>>> print(open('query.cif').read())   # mmCIF, C-alpha atoms
data_model
#
loop_
_atom_site.label_atom_id
_atom_site.label_comp_id
_atom_site.auth_asym_id
_atom_site.auth_seq_id
_atom_site.Cartn_x
_atom_site.Cartn_y
_atom_site.Cartn_z
CA MET X 218 -25.17 -30.04 21.30
CA LYS X 219 -22.85 -32.39 19.42
CA SER X 220 -23.44 -30.51 16.14
CA LEU X 221 -22.68 -27.21 17.89
CA LEU X 222 -19.42 -28.64 19.24
CA THR X 223 -18.53 -29.98 15.78
CA ALA X 224 -19.25 -26.60 14.18
CA MET X 225 -17.09 -24.82 16.77
CA CYS X 226 -14.23 -27.26 16.12
CA ILE X 227 -14.46 -26.70 12.37
CA LEU X 228 -14.49 -22.91 12.81
CA SER X 229 -11.54 -23.16 15.16
CA LEU X 230 -9.58 -25.27 12.67
CA LEU X 231 -10.44 -22.94 9.79
CA SER X 232 -9.34 -19.87 11.71
CA ALA X 233 -6.10 -21.60 12.67
CA CYS X 234 -5.41 -22.37 9.00
CA THR X 235 -5.80 -18.83 7.78
CA THR X 236 -2.73 -16.67 7.84
CA SER X 237 -2.89 -12.95 8.12
CA ARG X 238 -0.53 -11.01 5.91
CA PRO X 239 1.01 -7.92 7.44
CA TYR X 240 0.12 -4.51 6.12
CA HIS X 241 2.90 -2.36 4.66
CA PHE X 242 2.66 1.43 4.67
CA TYR X 243 4.37 3.86 2.28
CA ILE X 244 4.99 7.59 2.03
CA LEU X 245 6.15 9.87 -0.74
CA SER X 246 9.51 11.61 -0.41
CA THR X 247 10.76 15.05 -1.30
CA GLN X 248 13.01 15.11 -4.37
CA PRO X 249 15.91 15.29 -4.64
CA GLN X 250 16.53 13.43 -1.42
CA GLY X 251 19.18 14.55 1.04
CA ALA X 252 19.79 17.66 3.08
CA SER X 253 18.00 20.75 1.92
CA GLU X 254 19.69 24.10 1.49
CA ALA X 255 19.43 26.80 4.10
CA ARG X 256 16.20 28.70 3.60
CA SER X 257 16.02 32.42 3.13
CA THR X 258 13.20 34.36 4.68
CA PRO X 259 10.25 33.40 2.50
CA ALA X 260 9.24 36.36 0.36
CA THR X 261 6.56 34.63 -1.68
CA GLN X 262 3.56 32.92 -0.14
CA VAL X 263 2.03 30.14 -2.19
CA ALA X 264 -1.38 28.53 -1.66
CA LEU X 265 -1.32 25.01 -3.13
CA ARG X 266 -4.37 22.92 -4.01
CA VAL X 267 -4.00 19.42 -5.44
CA THR X 268 -6.78 17.10 -6.58
CA LEU X 269 -6.49 13.41 -7.43
CA PRO X 270 -8.79 11.09 -9.35
CA SER X 271 -11.02 9.06 -7.00
CA LEU X 272 -9.71 5.80 -8.48
CA VAL X 273 -6.30 6.30 -6.86
CA ASP X 274 -7.21 8.58 -3.94
CA ARG X 275 -7.63 5.73 -1.49
CA SER X 276 -5.59 4.09 1.23
CA GLU X 277 -4.65 1.03 -0.85
CA MET X 278 -1.98 1.19 -3.52
CA ILE X 279 -3.38 0.75 -7.05
CA LEU X 280 -1.50 -0.91 -9.92
CA ASP X 281 -2.56 -0.87 -13.56
CA THR X 282 -2.74 -4.28 -15.21
CA SER X 283 -3.83 -3.17 -18.68
CA ALA X 284 -5.72 -0.40 -20.38
CA ASP X 285 -8.91 -1.73 -18.80
CA GLY X 286 -7.86 -3.11 -15.43
CA VAL X 287 -6.33 -2.33 -12.06
CA ILE X 288 -5.31 -4.27 -8.97
CA VAL X 289 -6.17 -2.93 -5.53
CA LEU X 290 -3.41 -4.03 -3.17
CA GLU X 291 -5.13 -4.60 0.16
CA HIS X 292 -1.92 -5.03 2.18
CA GLU X 293 0.15 -2.31 0.46
CA ARG X 294 -1.18 1.01 1.76
CA TRP X 295 -0.40 4.70 1.92
CA ALA X 296 0.49 5.89 5.42
CA ALA X 297 -1.87 8.88 5.06
CA PRO X 298 -4.54 9.91 2.54
CA LEU X 299 -2.81 9.96 -0.84
CA ALA X 300 -4.10 13.47 -1.65
CA ASP X 301 -2.45 14.74 1.55
CA LEU X 302 0.83 12.94 0.77
CA VAL X 303 0.91 14.35 -2.77
CA THR X 304 0.12 17.90 -1.60
CA GLN X 305 2.71 17.85 1.21
CA THR X 306 5.41 16.31 -0.97
CA LEU X 307 4.82 18.73 -3.84
CA ALA X 308 4.85 21.68 -1.39
CA ARG X 309 8.24 20.60 0.02
CA ASP X 310 9.54 19.96 -3.52
CA LEU X 311 8.61 23.53 -4.52
CA GLU X 312 10.25 24.98 -1.40
CA ARG X 313 13.39 22.92 -2.00
CA ARG X 314 13.72 24.38 -5.49
CA ARG X 315 13.06 27.98 -4.44
CA SER X 316 14.10 28.97 -0.95
CA ASP X 317 12.05 32.19 -1.16
CA LEU X 318 8.74 30.25 -1.27
CA LEU X 319 6.52 29.38 1.66
CA VAL X 320 4.01 26.81 0.41
CA ALA X 321 0.94 25.73 2.35
CA ALA X 322 -2.47 24.27 1.66
CA GLN X 323 -4.96 26.63 0.06
CA SER X 324 -7.03 26.64 3.27
CA VAL X 325 -4.28 28.33 5.33
CA ASN X 326 -4.94 31.97 6.24
CA TYR X 327 -1.88 33.94 5.17
CA GLY X 328 -2.94 37.28 6.55
CA SER X 329 -1.73 40.24 4.55
CA GLY X 330 0.16 40.34 1.31
CA PRO X 331 -0.36 38.81 -2.10
CA VAL X 332 -0.56 35.03 -2.31
CA VAL X 333 0.37 33.07 -5.43
CA LYS X 334 -2.29 30.42 -6.03
CA VAL X 335 -1.23 27.11 -7.56
CA ALA X 336 -3.91 24.56 -8.46
CA VAL X 337 -2.80 21.15 -9.68
CA ASP X 338 -5.26 18.62 -11.04
CA VAL X 339 -3.77 15.13 -11.31
CA VAL X 340 -5.88 13.80 -14.16
CA GLN X 341 -4.42 10.31 -14.15
CA MET X 342 -1.92 8.39 -12.03
CA THR X 343 -0.67 5.21 -13.67
CA VAL X 344 1.63 2.57 -12.18
CA HIS X 345 2.80 -0.49 -14.08
CA ARG X 346 4.79 -2.57 -11.59
CA SER X 347 8.42 -3.18 -12.59
CA GLU X 348 8.03 -0.67 -15.42
CA ARG X 349 6.98 2.98 -14.97
CA ALA X 350 4.90 5.32 -12.90
CA SER X 351 3.37 8.41 -14.45
CA ILE X 352 1.12 11.29 -13.52
CA GLU X 353 -0.83 13.35 -16.03
CA THR X 354 -1.41 16.83 -14.67
CA HIS X 355 -3.04 20.15 -15.50
CA TRP X 356 -2.15 23.25 -13.49
CA ARG X 357 -2.92 26.90 -13.09
CA ILE X 358 -0.72 29.51 -11.42
CA LEU X 359 -2.33 32.84 -10.49
CA ASP X 360 0.16 35.48 -9.37
CA PRO X 361 -1.57 38.64 -8.10
CA ARG X 362 1.78 40.46 -7.87
CA THR X 363 2.36 40.32 -11.63
CA GLY X 364 -1.17 39.71 -12.89
CA LYS X 365 0.02 36.55 -14.68
CA ASP X 366 -2.27 33.58 -15.11
CA GLU X 367 -0.23 30.60 -16.32
CA MET X 368 -1.85 27.31 -17.31
CA GLY X 369 -0.30 24.11 -18.50
CA GLY X 370 -0.42 20.38 -18.56
CA GLU X 371 2.04 17.57 -18.97
CA VAL X 372 2.69 13.90 -18.26
CA PHE X 373 5.61 13.16 -15.94
CA SER X 374 6.97 9.64 -15.67
CA ALA X 375 9.74 7.81 -13.87
CA PRO X 376 11.03 4.24 -14.08
CA ILE X 377 10.41 1.80 -11.26
CA ARG X 378 14.01 0.82 -10.63
CA GLN X 379 13.61 -2.03 -8.15
CA ASP X 380 11.25 -4.78 -7.19
CA GLY X 381 8.87 -4.10 -4.35
CA TYR X 382 6.21 -1.57 -3.59
CA ALA X 383 8.58 0.95 -1.99
CA ALA X 384 9.94 1.44 -5.52
CA VAL X 385 6.43 2.45 -6.64
CA ALA X 386 6.34 5.17 -3.97
CA GLN X 387 9.82 6.32 -5.02
CA ALA X 388 8.85 6.53 -8.72
CA LEU X 389 5.73 8.56 -7.88
CA SER X 390 7.91 10.85 -5.73
CA GLU X 391 10.20 11.37 -8.72
CA CYS X 392 7.18 12.27 -10.88
CA LEU X 393 6.19 14.91 -8.32
CA GLY X 394 9.77 16.24 -8.36
CA LEU X 395 9.57 16.65 -12.13
CA LEU X 396 6.24 18.45 -11.75
CA ALA X 397 7.82 20.76 -9.16
CA ASP X 398 10.63 21.57 -11.61
CA ARG X 399 8.06 22.54 -14.23
CA LEU X 400 5.93 24.63 -11.86
CA VAL X 401 8.95 26.54 -10.53
CA GLY X 402 9.96 27.23 -14.13
CA GLN X 403 6.60 28.91 -14.69
CA MET X 404 6.70 30.98 -11.49
CA ARG X 405 8.52 34.27 -11.95
#
>>> encode(input="query.cif", output="structure tokens")
Amino acid sequence: MKSLLTAMCILSLLSACTTSRPYHFYILSTQPQGASEARSTPATQVALRVTLPSLVDRSEMILDTSADGVIVLEHERWAAPLADLVTQTLARDLERRRSDLLVAAQSVNYGSGPVVKVAVDVVQMTVHRSERASIETHWRILDPRTGKDEMGGEVFSAPIRQDGYAAVAQALSECLGLLADRLVGQMR
């Protein structure tokens, strides 16, 4: 009985000594930030599909330490699945650049009319804290209205301008904004 009491006291002391760090949650933001322009009646429906590498498609934020290593930040997390955040942010970025677009996930049923299909494969997402964030992407745009099939790929990067993990989310948002600029340039 005495050993049980001693063990319970030790466990109690150990649990009192541990501190729990709070979790911080981040989102991606539409670029450029600020009020968006008035939208026209969307004339072009776009089905967007985005894929991410499994290494970064997780709830924890991932930082690159070198060519061979990463850090998984247990207490710095995405507020939603990262693939969803990237898809939603890129969709809003495209709509902000062209008010005639209505962008939704590829699974949405549009009904009648031609739908432009945009598939984006994020091949690599790299974040070096206090330096740069970058995304390497490949994309394909199928436009049934014109019969065009555009493909491309590029690396988009943005500096991490401040300390803190919110700056990582901001830099990744800027990378998605640059990708949106490029995709809109390829859509006729």
>>> resolve_selection(input="query.cif", expression="the PyMOL selection byres ((chain X and resi 350-364) around 7)", output="JSON, numbers by chain")
{"X": [331, 332, 333, 334, 335, 336, 337, 338, 339, 340, 341, 342, 343, 344, 345, 349, 365, 366, 367, 368, 369, 370, 371, 372, 373, 374, 375, 376, 377, 388, 389, 392]}
>>> resolve_selection(input="query.cif", expression="the PyMOL selection byres ((chain X and resi 292) around 8)", output="PyMOL selection string")
chain X and resi 238-241+277+290-291+293-294
>>> resolve_selection(input="query.cif", expression="the PyMOL selection byres ((chain X and resi 303-311) around 8)", output="ChimeraX atom specification")
/X:245-249,265-267,299-302,312-315,318,320-322,390,393-394,397-398,400-401
>>> write_last_selection(input="query.cif", atoms="C-alpha atoms", output="tab-separated table (two decimals), in the coordinates of the input")
chain	number	residue	atom	x	y	z
X	245	LEU	CA	6.15	9.87	-0.74
X	246	SER	CA	9.51	11.61	-0.41
X	247	THR	CA	10.76	15.05	-1.30
X	248	GLN	CA	13.01	15.11	-4.37
X	249	PRO	CA	15.91	15.29	-4.64
X	265	LEU	CA	-1.32	25.01	-3.13
X	266	ARG	CA	-4.37	22.92	-4.01
X	267	VAL	CA	-4.00	19.42	-5.44
X	299	LEU	CA	-2.81	9.96	-0.84
X	300	ALA	CA	-4.10	13.47	-1.65
X	301	ASP	CA	-2.45	14.74	1.55
X	302	LEU	CA	0.83	12.94	0.77
X	312	GLU	CA	10.25	24.98	-1.40
X	313	ARG	CA	13.39	22.92	-2.00
X	314	ARG	CA	13.72	24.38	-5.49
X	315	ARG	CA	13.06	27.98	-4.44
X	318	LEU	CA	8.74	30.25	-1.27
X	320	VAL	CA	4.01	26.81	0.41
X	321	ALA	CA	0.94	25.73	2.35
X	322	ALA	CA	-2.47	24.27	1.66
X	390	SER	CA	7.91	10.85	-5.73
X	393	LEU	CA	6.19	14.91	-8.32
X	394	GLY	CA	9.77	16.24	-8.36
X	397	ALA	CA	7.82	20.76	-9.16
X	398	ASP	CA	10.63	21.57	-11.61
X	400	LEU	CA	5.93	24.63	-11.86
X	401	VAL	CA	8.95	26.54	-10.53
>>> closest_residue(input="query.cif", among="X:Thr261, X:Gln379, X:Ser276, X:Thr268", to="Phe242 of chain X", atoms="all atoms listed in the file")
X:Ser276
>>> axis_aligned_box(input="query.cif", around="segment 397-405 of chain X", padding_each_side="6 Å", output="JSON")
{"center_x": 8.3, "center_y": 27.5, "center_z": -11.9, "size_x": 16.7, "size_y": 25.5, "size_z": 17.5}
>>> decode(input="query.cif", residues="segment 328-342 of chain X", atoms="N, CA, C and O atoms", output="PDB file, in the first residue's frame")
ATOM      1  N   GLY X 328     -24.124  21.087 -63.640  1.00  0.00           N
ATOM      2  CA  GLY X 328     -25.317  21.079 -64.483  1.00  0.00           C
ATOM      3  C   GLY X 328     -24.925  21.185 -65.939  1.00  0.00           C
ATOM      4  O   GLY X 328     -24.055  20.495 -66.416  1.00  0.00           O
ATOM      5  N   SER X 329     -25.559  22.117 -66.634  1.00  0.00           N
ATOM      6  CA  SER X 329     -25.308  22.237 -68.071  1.00  0.00           C
ATOM      7  C   SER X 329     -24.191  23.240 -68.348  1.00  0.00           C
ATOM      8  O   SER X 329     -23.837  24.044 -67.521  1.00  0.00           O
ATOM      9  N   GLY X 330     -23.699  23.172 -69.542  1.00  0.00           N
ATOM     10  CA  GLY X 330     -22.682  24.116 -69.984  1.00  0.00           C
ATOM     11  C   GLY X 330     -21.277  23.551 -69.850  1.00  0.00           C
ATOM     12  O   GLY X 330     -21.025  22.655 -69.058  1.00  0.00           O
ATOM     13  N   PRO X 331     -20.366  24.081 -70.645  1.00  0.00           N
ATOM     14  CA  PRO X 331     -18.992  23.608 -70.607  1.00  0.00           C
ATOM     15  C   PRO X 331     -18.289  24.052 -69.322  1.00  0.00           C
ATOM     16  O   PRO X 331     -18.528  25.147 -68.824  1.00  0.00           O
ATOM     17  N   VAL X 332     -17.456  23.195 -68.802  1.00  0.00           N
ATOM     18  CA  VAL X 332     -16.718  23.472 -67.576  1.00  0.00           C
ATOM     19  C   VAL X 332     -15.227  23.373 -67.874  1.00  0.00           C
ATOM     20  O   VAL X 332     -14.755  22.356 -68.393  1.00  0.00           O
ATOM     21  N   VAL X 333     -14.491  24.434 -67.561  1.00  0.00           N
ATOM     22  CA  VAL X 333     -13.044  24.419 -67.700  1.00  0.00           C
ATOM     23  C   VAL X 333     -12.490  23.605 -66.535  1.00  0.00           C
ATOM     24  O   VAL X 333     -12.851  23.844 -65.384  1.00  0.00           O
ATOM     25  N   LYS X 334     -11.635  22.646 -66.836  1.00  0.00           N
ATOM     26  CA  LYS X 334     -11.054  21.804 -65.789  1.00  0.00           C
ATOM     27  C   LYS X 334      -9.606  22.211 -65.562  1.00  0.00           C
ATOM     28  O   LYS X 334      -8.811  22.253 -66.501  1.00  0.00           O
ATOM     29  N   VAL X 335      -9.304  22.524 -64.296  1.00  0.00           N
ATOM     30  CA  VAL X 335      -7.948  22.907 -63.908  1.00  0.00           C
ATOM     31  C   VAL X 335      -7.465  21.901 -62.869  1.00  0.00           C
ATOM     32  O   VAL X 335      -8.084  21.752 -61.815  1.00  0.00           O
ATOM     33  N   ALA X 336      -6.377  21.219 -63.179  1.00  0.00           N
ATOM     34  CA  ALA X 336      -5.769  20.264 -62.249  1.00  0.00           C
ATOM     35  C   ALA X 336      -4.383  20.789 -61.886  1.00  0.00           C
ATOM     36  O   ALA X 336      -3.568  21.073 -62.766  1.00  0.00           O
ATOM     37  N   VAL X 337      -4.137  20.943 -60.597  1.00  0.00           N
ATOM     38  CA  VAL X 337      -2.854  21.433 -60.109  1.00  0.00           C
ATOM     39  C   VAL X 337      -2.254  20.362 -59.211  1.00  0.00           C
ATOM     40  O   VAL X 337      -2.888  19.917 -58.254  1.00  0.00           O
ATOM     41  N   ASP X 338      -1.043  19.973 -59.534  1.00  0.00           N
ATOM     42  CA  ASP X 338      -0.308  19.010 -58.720  1.00  0.00           C
ATOM     43  C   ASP X 338       0.839  19.769 -58.060  1.00  0.00           C
ATOM     44  O   ASP X 338       1.756  20.221 -58.739  1.00  0.00           O
ATOM     45  N   VAL X 339       0.747  19.935 -56.737  1.00  0.00           N
ATOM     46  CA  VAL X 339       1.851  20.547 -55.998  1.00  0.00           C
ATOM     47  C   VAL X 339       2.858  19.423 -55.772  1.00  0.00           C
ATOM     48  O   VAL X 339       2.612  18.498 -55.003  1.00  0.00           O
ATOM     49  N   VAL X 340       3.960  19.499 -56.483  1.00  0.00           N
ATOM     50  CA  VAL X 340       4.972  18.453 -56.451  1.00  0.00           C
ATOM     51  C   VAL X 340       5.783  18.543 -55.169  1.00  0.00           C
ATOM     52  O   VAL X 340       6.115  17.533 -54.545  1.00  0.00           O
ATOM     53  N   GLN X 341       6.085  19.773 -54.767  1.00  0.00           N
ATOM     54  CA  GLN X 341       6.891  19.971 -53.560  1.00  0.00           C
ATOM     55  C   GLN X 341       6.513  21.297 -52.925  1.00  0.00           C
ATOM     56  O   GLN X 341       6.286  22.293 -53.625  1.00  0.00           O
ATOM     57  N   MET X 342       6.425  21.295 -51.603  1.00  0.00           N
ATOM     58  CA  MET X 342       6.179  22.507 -50.828  1.00  0.00           C
ATOM     59  C   MET X 342       7.328  22.599 -49.822  1.00  0.00           C
ATOM     60  O   MET X 342       7.513  21.705 -49.005  1.00  0.00           O
TER      61      MET X 342
END
